[in-house]
Amino acid sequence: MNSYLLLSTLNLALGGLVFLLGIVILRENPAHRVNRTVALMLFFGGLGAILAGAAFLAARGVKGSAAPEILNNVSYLWEFFFPTLFLFACLFPEERPFVRRVVLFPGRRWAPGFGTLVFAPHTFHFALTLLILAWKPTVAVPSEGLLRLAAPVLGVIGVVVNLFLLVHRALFSLVNLGFGAATMALLVNSTRRATVPRIRQQLRVITVGLGACLGFYSAATLIPTLLNLHLEESVRATLIIAALTTGPGSIAYSIVRYRFLDARLLARRGIVYALVSGALVGFYLLVVSRLGHFVARSGGFDERVFDPVLLILAVALFQPAVARLEELLDRLMLRDPNDYRNVLRQLGRDLQTTIDLDVLLSRTIHTLSAALLPRSAIIVALAKDRAIARTAEGETLPDETLSRLAEVLPRVPGGAASVQLSSRLDGISEEDVTFLRGPLATSLVVPMRWRSDLVGALLLGEKLTGTSYGAEDVTLLTTLAAQVSVSMQNALLLRERVEVARLEEEMSLARRIQRAQLISDFPLIPGCEVHALSIPSKQVGGDFYDVVPVGDGSYLLAIADVSGKGVPAALLSSMLQASLRTQAGSVHALPDVLRNINTLLYRSSESHQFATFFLARIECHPPRLTFSNAGHNWPVLVRGGVAPQFLDRGGPLLGVFDNAKFEQGMVALTAGDCVVLYTDGISEAANAADEQFGDERLVELVRALPRDLEAREVADRILEGLRGFLGPVEPQDDMTLLVLRTLGPIPAMTSGEPAREVAAAR
């Protein structure tokens with residue numbers, strides 16, 4: 001008697017627990033189709049256990065009771081478990097293509113689909129079974145009258161109907177077995193195709209558990225019905241208990257251990273607590289209660305007095321056991337690396353030791369993708385109006401997409417912890433939403449702010465499981481965004497400092513290269529001496545000077561000023577200097593040299609880039625200076641007793657006109673002459689009163705110098721006078737200066753030779 005009561009109690013208890021698990025799953029996300037399907041599957045499975053336990057008790061209850069008959073009429077309702085199980089395998093982890101294609105009676109306002117087709121056989125089976133059971137095909141035939149002639153026919157009909165019912169029940173077991181086999185085939189196939197580790201783990205556990213559940217259910221009900229075998233009620237009840245333990249137990253384990261259906265932590269802990277409580281209650285019923293009854297009988301105590309005492313002692317002793325067992329299960333089952341608490345804990349440790357921006361972005365988005373399982377995941381860092389992004393697969397985004405993200409993300413509402421793109425948003429246009437949802441497949445945007453500044457964002461697509469982002473997800477993302485924002489800001493600052501340091505190193509190298517190109521050991525020109533200096537406003541500049549031996553005894557002197565400052569100007573000036581040196585030995589006419597350089601600059605630079613250029617040739621026999629000025633500051637020739645002479649003949653700026661023409665001029669040189677070449681960084685240098693140094697002040701400074709000074713001394717005196725004029729003000733432009741001094745005695749020019757000759761050059 002005690003054994004069947006125990007089995008019935010276990011059936012009813014497990015059925016109730018399965019019902020409770022179904023309610024938990026349904027409440028987690030009632031809008032999700034998979035949640036509804038799993039909950040319905042558990043409801044039907046739990047109903048089967050409850051009906052079996054209730055029928056077991058009713059069969060041993062009061063004779064003549066209608067309970068067994070009523071339970072027998074509705075016992076087939078639990079068989080809806082099998083089509084629901086098959087439907088779950090069709091929907092998880094992704095909906096199979098054939099599920100969407102099956103639509104009955106297309107074109108109607110309500111067109112039944114795949115689910116209706118799956119449940120149709122069992123709906124027909126249940127309705128037919130109820131109809132036949134309600135009819136009870138036994139006909140009472142009168143012994144007199146004409147109706148007695150129909151007795152044989154009616155008897156045959158009753159036998160046929162009963163036989164049909166028996167055959168239908170047996171054959172329909174094949175339908176259930178077919179659903180079970182198809183379910184296992186789909187689950188095994190899904191397990192093999194799964195690429196996400198957590199989903200693969202969920203499928204493995206559920207496949208094994210449901211496979212065992214189907215085996216026990218088949219052994220308890222389907223196979224005996226199909227083969228017309230009789231099982232002892234205790235064996236049947238034990239098999240059903242095993243089925244309920246393995247099937248729903250695997251689902252519960254997958255929820256707790258691997259967050260099946262994205263169950264929240266509260267629900268998972270609730271399942272653990274229910275398992276602990278159920279285990280202790282079972283231990284009480286199986287061990288403590290029986291032991292108490294044995295002690296009461298042995299001591300002659302009244303069980304009604306002893307039971308409350310025993311219950312109070314059990315509650316007092318079980319309380320520490322519950323806490324300890326729950327702690328143990330929490331450590332064993334909830335220690336999931338993808339659990340939100342562990343994600344935050346592990347990522348927090350990683351962020352403390354990560355200062356490289358690329359590593360920070362990659363590690364964060366990879367961890368987040370493993371925890372939430374989105375279809376797409378992108379993390380974006382914003383640095384000085386440009387975006388740096390990494391995907392969960394480690395890929396980078398195209399430059400056009402990054403530029404668009406740098407424009408769109410600052411328009412995300414400032415006070416929002418997360419933004420669902422499914423709703424209408426202030427500040428974000430439909431075009432922006434289309435961009436985020438289209439190419440980037442984003443459904444959720446989580447801004448990352450440091451203080452009030454937007455430093456980045458998380459762009460997440462829909463979940464692989466089809467569930468929506470719940471409150472627990474938003475809490476994780478908000479906390480994660482706050483942690484990552486600080487680390488990202490530090491990484492961005494470090495990245496900028498590294499870039500600045502690298503740029504400074506590159507600029508220092510460029511400065512050394514440029515200084516190497518600007519000669520410091522000047523060639524010995526017969527009867528002349530030359531000295532030059534260049535002071536860039538930045539580490540490199542666009543000014544240059546050069547003294548190039550031609551090979552026929554003459555020398556080329558050049559000074560130029562390229563528009564702009566810094567590296568672009570330095571690169572352009574290097575190109576001009578290289579072009580000059582290339583032509584020095586092959587092109588004799590100065591206008592031709594300038595014309596070639598002009599063509600090169602015009603065709604290889606932007607429209608806003610140009611250069612001024614002064615080019616001269618020194619010849620010693622007779623001593624003269626031939627020159628051509630391409631828009632440069634006029635060099636000045638200073639000699640004793642005469643007015644300063646500006647060397648202005650030439651043509652336009654280089655790089656402005658494609659077919660520019662240049663002229664050349666010539667001046668004779670005498671002993672003691674001083675020619676000063678300079679750039680506008682000297683003449684336009686302004687002091688604190690915004691007064692420019694000017695050409696006149698430069699000329700007067702040179703004229704006031706003693707005539708016996710060397711070229712180096714003249715350059716130093718000019719620079720000293722300029723600095724005295726500027727005072728504490730730093731120059732804002734590159735400053736370049738070249739001084740040519742003629743030494744005596746120099747042979748006199750022949751009679752009748754003009755002091756200044758200008759020849760037009762083609």
# chains A, B, ... in the order shown; residues from 1 in each chain; ligands from 1

call {"tool": "residues_around", "arguments": {"residues": "Arg363 of chain A", "least_positions_apart": "4", "cutoff": "9 Å", "atoms": "only C-alpha atoms", "output": "list in words"}}
result
Leu347, Asp350, Asp358, Val359, Thr367, Leu368 and Ala392 of chain A

call {"tool": "residues_around", "arguments": {"residues": "segment 706-708 of chain A", "least_positions_apart": "4", "cutoff": "12 Å", "atoms": "only C-alpha atoms", "output": "MDAnalysis selection string"}}
result
chainID A and resid 638:641 671:674 701:702 712:714 717 741:744

call {"tool": "select_by_dssp", "arguments": {"residues": "segment 632-686 of chain A", "states": "strand (DSSP E)", "output": "number ranges by chain"}}
result
A: 636-638, 645-646, 650-651, 664-668, 674-678

call {"tool": "residues_around", "arguments": {"residues": "Tyr217 of chain A", "least_positions_apart": "2", "cutoff": "12 Å", "atoms": "only C-alpha atoms", "output": "count of residues only"}}
result
38

call {"tool": "closest_residue", "arguments": {"among": "A:Asp734, A:Thr84, A:Pro644, A:Leu421", "to": "Glu696 of chain A", "atoms": "only C-alpha atoms"}}
result
A:Pro644

call {"tool": "residues_around", "arguments": {"residues": "Ala491 of chain A", "least_positions_apart": "5", "cutoff": "7 Å", "atoms": "only C-alpha atoms", "output": "list in words"}}
result
Ile355, Asp356 and Leu357 of chain A
